[in-house]
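Data file: query_27.cif. Format and content: mmCIF, C-alpha atoms.
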data_upload
#
loop_
_atom_site.label_atom_id
_atom_site.label_comp_id
_atom_site.auth_asym_id
_atom_site.auth_seq_id
_atom_site.Cartn_x
_atom_site.Cartn_y
_atom_site.Cartn_z
CA MET S 7 -160.20 -100.01 -98.98
CA ASN S 8 -160.53 -96.44 -97.63
CA ALA S 9 -159.04 -93.76 -99.90
CA VAL S 10 -158.24 -91.39 -97.02
CA GLU S 11 -156.67 -94.04 -94.79
CA ASP S 12 -154.67 -95.45 -97.70
CA SER S 13 -153.25 -92.06 -98.70
CA ILE S 14 -150.12 -90.50 -97.24
CA ILE S 15 -151.97 -87.39 -96.11
CA PRO S 16 -152.88 -88.66 -92.59
CA TRP S 17 -149.23 -89.61 -92.14
CA VAL S 18 -148.06 -86.16 -93.22
CA GLY S 19 -150.51 -84.48 -90.82
CA LYS S 20 -149.70 -86.72 -87.87
CA THR S 21 -145.95 -86.37 -88.49
CA SER S 22 -146.26 -82.58 -88.65
CA LYS S 23 -148.10 -82.49 -85.31
CA MET S 24 -145.53 -84.82 -83.73
CA ILE S 25 -142.69 -82.63 -85.01
CA ASP S 26 -144.33 -79.51 -83.54
CA PHE S 27 -144.85 -81.17 -80.16
CA PHE S 28 -141.40 -82.79 -80.01
CA LEU S 29 -139.63 -79.57 -80.98
CA GLN S 30 -141.59 -77.46 -78.51
CA GLU S 31 -140.88 -79.95 -75.71
CA ASN S 32 -137.16 -79.92 -76.55
CA PHE S 33 -137.11 -76.14 -76.39
CA LYS S 34 -139.13 -76.05 -73.18
CA ASN S 35 -136.77 -78.55 -71.51
CA LYS S 36 -133.90 -76.14 -72.28
CA GLY S 37 -135.80 -73.12 -70.93
CA ILE S 38 -136.75 -71.72 -74.35
CA TYR S 39 -140.43 -70.98 -74.73
CA LEU S 40 -140.97 -70.68 -78.48
CA SER S 41 -143.48 -72.11 -80.89
CA LYS S 42 -142.33 -73.62 -84.17
CA GLU S 43 -143.75 -70.58 -85.95
CA GLN S 44 -141.72 -68.22 -83.76
CA VAL S 45 -138.56 -70.22 -84.46
CA VAL S 46 -139.22 -69.97 -88.20
CA VAL S 47 -139.53 -66.17 -87.96
CA LEU S 48 -136.36 -65.91 -85.86
CA LYS S 49 -134.50 -68.10 -88.36
CA ILE S 50 -135.60 -65.98 -91.32
CA LEU S 51 -134.64 -62.75 -89.56
CA HIS S 52 -131.34 -64.24 -88.41
CA ARG S 53 -130.49 -64.84 -92.07
CA LYS S 54 -131.88 -61.51 -93.32
CA ASP S 55 -132.82 -58.90 -90.76
CA GLY S 56 -135.30 -56.19 -91.70
CA VAL S 57 -137.62 -58.31 -93.85
CA ASN S 58 -140.82 -56.47 -94.65
CA GLN S 59 -143.98 -57.87 -93.11
CA ASN S 60 -145.58 -58.82 -96.46
CA GLU S 61 -142.51 -60.81 -97.49
CA LEU S 62 -142.45 -62.47 -94.07
CA ALA S 63 -146.09 -63.52 -94.52
CA PHE S 64 -145.18 -65.08 -97.87
CA LEU S 65 -142.06 -66.83 -96.52
CA THR S 66 -143.92 -68.28 -93.53
CA LEU S 67 -147.05 -69.21 -95.52
CA ARG S 68 -149.19 -67.10 -93.17
CA ASP S 69 -151.96 -64.69 -93.98
CA LYS S 70 -151.33 -61.11 -92.89
CA SER S 71 -153.63 -61.15 -89.85
CA THR S 72 -152.20 -64.42 -88.50
CA LEU S 73 -148.67 -63.12 -88.98
CA THR S 74 -149.58 -59.84 -87.26
CA ARG S 75 -150.78 -61.76 -84.18
CA LEU S 76 -147.62 -63.88 -84.19
CA LEU S 77 -145.39 -60.81 -84.49
CA SER S 78 -147.30 -59.01 -81.72
CA LYS S 79 -146.67 -61.95 -79.41
CA MET S 80 -142.99 -61.98 -80.37
CA GLU S 81 -142.79 -58.23 -79.82
CA SER S 82 -144.24 -58.62 -76.33
CA LYS S 83 -141.44 -61.12 -75.60
CA ASP S 84 -138.93 -58.53 -76.90
CA LEU S 85 -137.76 -60.91 -79.65
CA ILE S 86 -138.49 -58.61 -82.58
CA LYS S 87 -139.32 -54.99 -83.32
CA ARG S 88 -141.32 -53.56 -86.19
CA GLN S 89 -140.47 -50.29 -87.87
CA ARG S 90 -142.11 -48.38 -90.67
CA SER S 91 -140.02 -48.32 -93.83
CA LYS S 92 -138.37 -44.97 -94.53
CA GLU S 93 -139.08 -45.43 -98.26
CA ASP S 94 -142.73 -46.49 -97.93
CA LYS S 95 -144.60 -45.68 -94.71
CA ARG S 96 -147.24 -48.32 -95.55
CA VAL S 97 -144.64 -51.08 -95.17
CA SER S 98 -143.35 -52.43 -91.85
CA GLN S 99 -139.97 -54.04 -91.58
CA VAL S 100 -139.25 -56.64 -88.92
CA PHE S 101 -135.95 -56.75 -87.05
CA LEU S 102 -134.46 -59.01 -84.41
CA THR S 103 -133.83 -57.40 -81.05
CA GLN S 104 -130.74 -58.33 -79.08
CA GLU S 105 -132.95 -60.66 -77.03
CA GLY S 106 -134.22 -62.25 -80.25
CA LYS S 107 -130.65 -62.81 -81.41
CA ASN S 108 -129.72 -64.34 -78.05
CA VAL S 109 -132.75 -66.65 -78.03
CA TYR S 110 -132.12 -67.77 -81.61
CA GLU S 111 -128.46 -68.53 -80.82
CA LYS S 112 -129.65 -70.75 -77.94
CA ALA S 113 -132.37 -72.35 -80.08
CA GLU S 114 -130.30 -73.08 -83.19
CA PRO S 115 -128.19 -75.93 -81.71
CA ILE S 116 -131.36 -77.54 -80.35
CA LEU S 117 -132.94 -77.24 -83.78
CA LEU S 118 -129.90 -78.78 -85.48
CA GLU S 119 -129.81 -81.64 -82.98
CA PHE S 120 -133.53 -82.14 -83.57
CA LEU S 121 -132.96 -82.39 -87.33
CA ASP S 122 -130.28 -85.02 -86.72
CA ILE S 123 -132.71 -87.03 -84.60
CA LEU S 124 -135.39 -86.81 -87.30
CA GLY S 125 -132.94 -88.04 -89.93
CA GLU S 126 -131.63 -91.04 -87.98
CA ASP S 127 -131.77 -94.32 -89.91
CA ILE S 128 -133.07 -92.58 -93.03
CA THR S 129 -130.86 -92.97 -96.06
CA GLN S 130 -130.04 -90.12 -98.40
CA GLU S 131 -132.06 -91.88 -101.09
CA GLU S 132 -135.10 -92.10 -98.79
CA LYS S 133 -134.78 -88.39 -97.97
CA GLU S 134 -134.61 -87.52 -101.67
CA ILE S 135 -137.64 -89.68 -102.51
CA THR S 136 -139.67 -88.20 -99.63
CA THR S 137 -138.74 -84.67 -100.62
CA LYS S 138 -139.64 -85.37 -104.24
CA VAL S 139 -143.05 -86.79 -103.29
CA LEU S 140 -143.84 -83.88 -100.93
CA LYS S 141 -142.85 -81.36 -103.60
CA LYS S 142 -145.20 -83.12 -106.04
CA ILE S 143 -148.03 -82.89 -103.50
CA GLN S 144 -147.32 -79.18 -103.01
CA LEU S 145 -147.23 -78.60 -106.76
CA ASN S 146 -150.55 -80.45 -107.17
CA MET S 147 -152.13 -78.24 -104.50
CA ASP S 148 -150.65 -75.11 -106.03
CA ILE S 149 -152.01 -75.96 -109.47
CA LYS S 150 -155.45 -76.89 -108.11
CA SER S 151 -155.69 -73.80 -105.87
CA LYS S 152 -155.13 -71.56 -108.90
CA SER S 153 -158.06 -73.17 -110.70
CA LEU S 154 -160.48 -72.64 -107.81
#
Step by step, read the file and then write its structure as structure tokens.
Amino acid sequence: MNAVEDSIIPWVGKTSKMIDFFLQENFKNKGIYLSKEQVVVLKILHRKDGVNQNELAFLTLRDKSTLTRLLSKMESKDLIKRQRSKEDKRVSQVFLTQEGKNVYEKAEPILLEFLDILGEDITQEEKEITTKVLKKIQLNMDIKSKSL
């Protein structure tokens, strides 16, 4: 018996990669060229525009340099703009551009349809159990990372 192969971790990793690929292909087939990470940023800003860059790094689970590269790419596509905070010049706030709003409005129905596809033939109880197990895994990692 192999501990790695018998754990759920390979399944979580493979599923995550499949989700990324499937979502990106769905977007591409509809003429939307976004990565999953870009969609996450657009979704956050759609809900609350003007999020500061540090908060965005926390919300997206990205380190600051990785987020900066992602935002630079999104800026070059005219999806977002960064502005220095009037209160604290050290802080940048991130805003959706009109193009970013338009792209998100096109992407959102595809994302919702994608979520429906992922949830097909999965009962509410199965979803709750899966969510509970994944939250426990995250909590275990959080606890262990603080002791490192």
Contacts between range 59-64 of chain S and range 26-47 of chain S, please, where a residue of range 26-47 of chain S counts if it comes within 12 Å (with only C-alpha atoms); show its shortest atom pair and distance in Å to one decimal, rows by chain and ascending number, as CSV.
residue,atom,partner,partner_atom,distance
S:Glu43,CA,S:Ala63,CA,11.3
S:Gln44,CA,S:Leu62,CA,11.8
S:Val46,CA,S:Leu62,CA,10.1
S:Val47,CA,S:Leu62,CA,7.7
Using C-alpha atoms, can you export the residues from the last selection as an mmCIF file, in the coordinates of the input?
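Dumped everything to again_33.cif:
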data_model
loop_
_atom_site.group_PDB
_atom_site.id
_atom_site.type_symbol
_atom_site.label_atom_id
_atom_site.label_comp_id
_atom_site.auth_asym_id
_atom_site.auth_seq_id
_atom_site.Cartn_x
_atom_site.Cartn_y
_atom_site.Cartn_z
ATOM 1 C CA GLU S 43 -143.750 -70.580 -85.950
ATOM 2 C CA GLN S 44 -141.720 -68.220 -83.760
ATOM 3 C CA VAL S 46 -139.220 -69.970 -88.200
ATOM 4 C CA VAL S 47 -139.530 -66.170 -87.960
#
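What the PyMOL selection byres ((chain S and resi 120-130) around 12) grabs from this file is Thr21, Ser22, Met24, Ile25, Asp26, Phe27, Phe28, Leu29, Gln30, Glu31, Asn32, Phe33, Ala113, Glu114, Pro115, Ile116, Leu117, Leu118, Glu119, Glu131, Glu132, Lys133, Glu134, Ile135, Thr136 and Thr137 of chain S.
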Identify the residues within 10 Å of coordinate (-145.4, -63.9, -82.6) (same frame as the file), considering only C-alpha atoms, and give the answer as a list in words. Leu40, Ser41, Glu43, Gln44, Val45, Val47, Leu48, Thr72, Leu73, Thr74, Arg75, Leu76, Leu77, Ser78, Lys79, Met80, Glu81, Ser82, Lys83, Leu85 and Ile86 of chain S
In terms of the shortest atom-to-atom distance over all atoms listed in the file, which of S:Ile14, S:Phe101, S:Lys87, S:Ala9 is closest to Val139 in chain S?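 Ranking S:Ile14, S:Phe101, S:Lys87, S:Ala9 by distance to Val139 in chain S, first place goes to S:Ile14.
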Selected residue, from S:Asn58, S:Asn8, S:Ser151, S:Thr66, that lies nearest to Gln99 in chain S when counting all atoms listed in the file: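 Ranked by minimum distance to Gln99 in chain S, first place goes to S:Asn58.
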State, in Å with one decimal place, the distance from CA of Lys112 in chain S to CA of Lys54 in chain S.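 Atom-to-atom, CA of Lys112 in chain S to CA of Lys54 in chain S, that is 18.1 Å.
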Minimum-distance residue to Ser98 in chain S, chosen among S:Lys42, S:Gly56, S:Ser71, S:Asp84 (using only C-alpha atoms): S:Gly56
Just checking: using all atoms listed in the file, which residue out of S:Asn146, S:Trp17, S:Leu51, S:Lys36 ends up closest to Val100 in chain S? S:Leu51
Computed interatomic separation between CA of Asp55 in chain S and CA of Leu102 in chain S (Å): 6.6 Å
From the structure block, carefully write range 59-154 of chain S out with C-alpha atoms; format it as a PDB file, in the first residue's frame.
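Written file, part-v2.pdb:
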ATOM      1  CA  GLN S  59      -3.114  45.264  -3.797  1.00  0.00           C
ATOM      2  CA  ASN S  60      -2.129  43.728  -0.432  1.00  0.00           C
ATOM      3  CA  GLU S  61      -5.716  42.647   0.252  1.00  0.00           C
ATOM      4  CA  LEU S  62      -5.958  41.255  -3.275  1.00  0.00           C
ATOM      5  CA  ALA S  63      -2.804  39.187  -2.673  1.00  0.00           C
ATOM      6  CA  PHE S  64      -4.396  37.779   0.487  1.00  0.00           C
ATOM      7  CA  LEU S  65      -7.763  37.074  -1.188  1.00  0.00           C
ATOM      8  CA  THR S  66      -6.141  35.301  -4.149  1.00  0.00           C
ATOM      9  CA  LEU S  67      -3.578  33.414  -2.032  1.00  0.00           C
ATOM     10  CA  ARG S  68      -0.746  34.938  -4.074  1.00  0.00           C
ATOM     11  CA  ASP S  69       2.518  36.410  -2.910  1.00  0.00           C
ATOM     12  CA  LYS S  70       3.019  40.068  -3.776  1.00  0.00           C
ATOM     13  CA  SER S  71       5.458  39.528  -6.661  1.00  0.00           C
ATOM     14  CA  THR S  72       3.277  36.879  -8.331  1.00  0.00           C
ATOM     15  CA  LEU S  73       0.229  39.110  -7.988  1.00  0.00           C
ATOM     16  CA  THR S  74       2.167  42.079  -9.397  1.00  0.00           C
ATOM     17  CA  ARG S  75       3.029  40.062 -12.529  1.00  0.00           C
ATOM     18  CA  LEU S  76      -0.594  38.934 -12.880  1.00  0.00           C
ATOM     19  CA  LEU S  77      -1.880  42.497 -12.502  1.00  0.00           C
ATOM     20  CA  SER S  78       0.685  43.816 -15.001  1.00  0.00           C
ATOM     21  CA  LYS S  79      -0.549  41.307 -17.559  1.00  0.00           C
ATOM     22  CA  MET S  80      -4.163  42.279 -16.846  1.00  0.00           C
ATOM     23  CA  GLU S  81      -3.247  45.958 -17.131  1.00  0.00           C
ATOM     24  CA  SER S  82      -1.681  45.345 -20.538  1.00  0.00           C
ATOM     25  CA  LYS S  83      -5.001  43.792 -21.622  1.00  0.00           C
ATOM     26  CA  ASP S  84      -6.783  46.928 -20.301  1.00  0.00           C
ATOM     27  CA  LEU S  85      -8.802  44.843 -17.818  1.00  0.00           C
ATOM     28  CA  ILE S  86      -7.690  46.683 -14.684  1.00  0.00           C
ATOM     29  CA  LYS S  87      -5.941  49.864 -13.629  1.00  0.00           C
ATOM     30  CA  ARG S  88      -3.867  50.512 -10.536  1.00  0.00           C
ATOM     31  CA  GLN S  89      -3.896  53.796  -8.681  1.00  0.00           C
ATOM     32  CA  ARG S  90      -2.018  55.005  -5.646  1.00  0.00           C
ATOM     33  CA  SER S  91      -4.265  55.502  -2.635  1.00  0.00           C
ATOM     34  CA  LYS S  92      -4.947  59.141  -1.803  1.00  0.00           C
ATOM     35  CA  GLU S  93      -4.705  58.308   1.923  1.00  0.00           C
ATOM     36  CA  ASP S  94      -1.495  56.255   1.755  1.00  0.00           C
ATOM     37  CA  LYS S  95       0.790  56.663  -1.271  1.00  0.00           C
ATOM     38  CA  ARG S  96       2.499  53.338  -0.457  1.00  0.00           C
ATOM     39  CA  VAL S  97      -0.740  51.461  -1.204  1.00  0.00           C
ATOM     40  CA  SER S  98      -2.071  50.720  -4.696  1.00  0.00           C
ATOM     41  CA  GLN S  99      -5.741  50.165  -5.295  1.00  0.00           C
ATOM     42  CA  VAL S 100      -6.934  48.018  -8.188  1.00  0.00           C
ATOM     43  CA  PHE S 101      -9.967  48.959 -10.261  1.00  0.00           C
ATOM     44  CA  LEU S 102     -11.810  47.359 -13.153  1.00  0.00           C
ATOM     45  CA  THR S 103     -11.681  49.254 -16.423  1.00  0.00           C
ATOM     46  CA  GLN S 104     -14.735  49.355 -18.649  1.00  0.00           C
ATOM     47  CA  GLU S 105     -13.106  46.600 -20.718  1.00  0.00           C
ATOM     48  CA  GLY S 106     -12.606  44.548 -17.552  1.00  0.00           C
ATOM     49  CA  LYS S 107     -16.279  44.973 -16.664  1.00  0.00           C
ATOM     50  CA  ASN S 108     -17.313  43.954 -20.182  1.00  0.00           C
ATOM     51  CA  VAL S 109     -15.076  40.876 -20.177  1.00  0.00           C
ATOM     52  CA  TYR S 110     -16.290  39.800 -16.739  1.00  0.00           C
ATOM     53  CA  GLU S 111     -19.932  40.168 -17.822  1.00  0.00           C
ATOM     54  CA  LYS S 112     -19.184  37.852 -20.767  1.00  0.00           C
ATOM     55  CA  ALA S 113     -17.214  35.427 -18.581  1.00  0.00           C
ATOM     56  CA  GLU S 114     -19.655  35.166 -15.673  1.00  0.00           C
ATOM     57  CA  PRO S 115     -22.356  33.121 -17.490  1.00  0.00           C
ATOM     58  CA  ILE S 116     -19.664  30.742 -18.763  1.00  0.00           C
ATOM     59  CA  LEU S 117     -18.353  30.395 -15.221  1.00  0.00           C
ATOM     60  CA  LEU S 118     -21.842  29.706 -13.837  1.00  0.00           C
ATOM     61  CA  GLU S 119     -22.527  27.125 -16.543  1.00  0.00           C
ATOM     62  CA  PHE S 120     -19.157  25.547 -15.755  1.00  0.00           C
ATOM     63  CA  LEU S 121     -20.084  25.276 -12.067  1.00  0.00           C
ATOM     64  CA  ASP S 122     -23.345  23.565 -13.038  1.00  0.00           C
ATOM     65  CA  ILE S 123     -21.405  21.056 -15.141  1.00  0.00           C
ATOM     66  CA  LEU S 124     -19.014  20.355 -12.259  1.00  0.00           C
ATOM     67  CA  GLY S 125     -21.923  19.743  -9.899  1.00  0.00           C
ATOM     68  CA  GLU S 126     -23.854  17.354 -12.146  1.00  0.00           C
ATOM     69  CA  ASP S 127     -24.805  14.075 -10.457  1.00  0.00           C
ATOM     70  CA  ILE S 128     -23.336  15.208  -7.140  1.00  0.00           C
ATOM     71  CA  THR S 129     -25.806  15.312  -4.297  1.00  0.00           C
ATOM     72  CA  GLN S 130     -25.982  18.147  -1.804  1.00  0.00           C
ATOM     73  CA  GLU S 131     -24.772  15.742   0.869  1.00  0.00           C
ATOM     74  CA  GLU S 132     -21.733  14.781  -1.231  1.00  0.00           C
ATOM     75  CA  LYS S 133     -20.929  18.468  -1.800  1.00  0.00           C
ATOM     76  CA  GLU S 134     -21.147  19.154   1.933  1.00  0.00           C
ATOM     77  CA  ILE S 135     -18.933  16.176   2.805  1.00  0.00           C
ATOM     78  CA  THR S 136     -16.340  17.152   0.177  1.00  0.00           C
ATOM     79  CA  THR S 137     -16.308  20.750   1.366  1.00  0.00           C
ATOM     80  CA  LYS S 138     -15.957  19.628   4.977  1.00  0.00           C
ATOM     81  CA  VAL S 139     -13.010  17.345   4.146  1.00  0.00           C
ATOM     82  CA  LEU S 140     -11.243  20.019   2.068  1.00  0.00           C
ATOM     83  CA  LYS S 141     -11.701  22.576   4.846  1.00  0.00           C
ATOM     84  CA  LYS S 142     -10.150  20.097   7.297  1.00  0.00           C
ATOM     85  CA  ILE S 143      -7.169  19.627   4.969  1.00  0.00           C
ATOM     86  CA  GLN S 144      -6.762  23.410   4.707  1.00  0.00           C
ATOM     87  CA  LEU S 145      -6.992  23.796   8.472  1.00  0.00           C
ATOM     88  CA  ASN S 146      -4.375  21.054   8.965  1.00  0.00           C
ATOM     89  CA  MET S 147      -2.026  22.848   6.568  1.00  0.00           C
ATOM     90  CA  ASP S 148      -2.684  26.194   8.230  1.00  0.00           C
ATOM     91  CA  ILE S 149      -1.909  24.804  11.676  1.00  0.00           C
ATOM     92  CA  LYS S 150       1.233  23.003  10.473  1.00  0.00           C
ATOM     93  CA  SER S 151       2.521  26.004   8.495  1.00  0.00           C
ATOM     94  CA  LYS S 152       2.370  28.154  11.638  1.00  0.00           C
ATOM     95  CA  SER S 153       4.561  25.673  13.500  1.00  0.00           C
ATOM     96  CA  LEU S 154       7.266  25.632  10.815  1.00  0.00           C
TER      97      LEU S 154
END
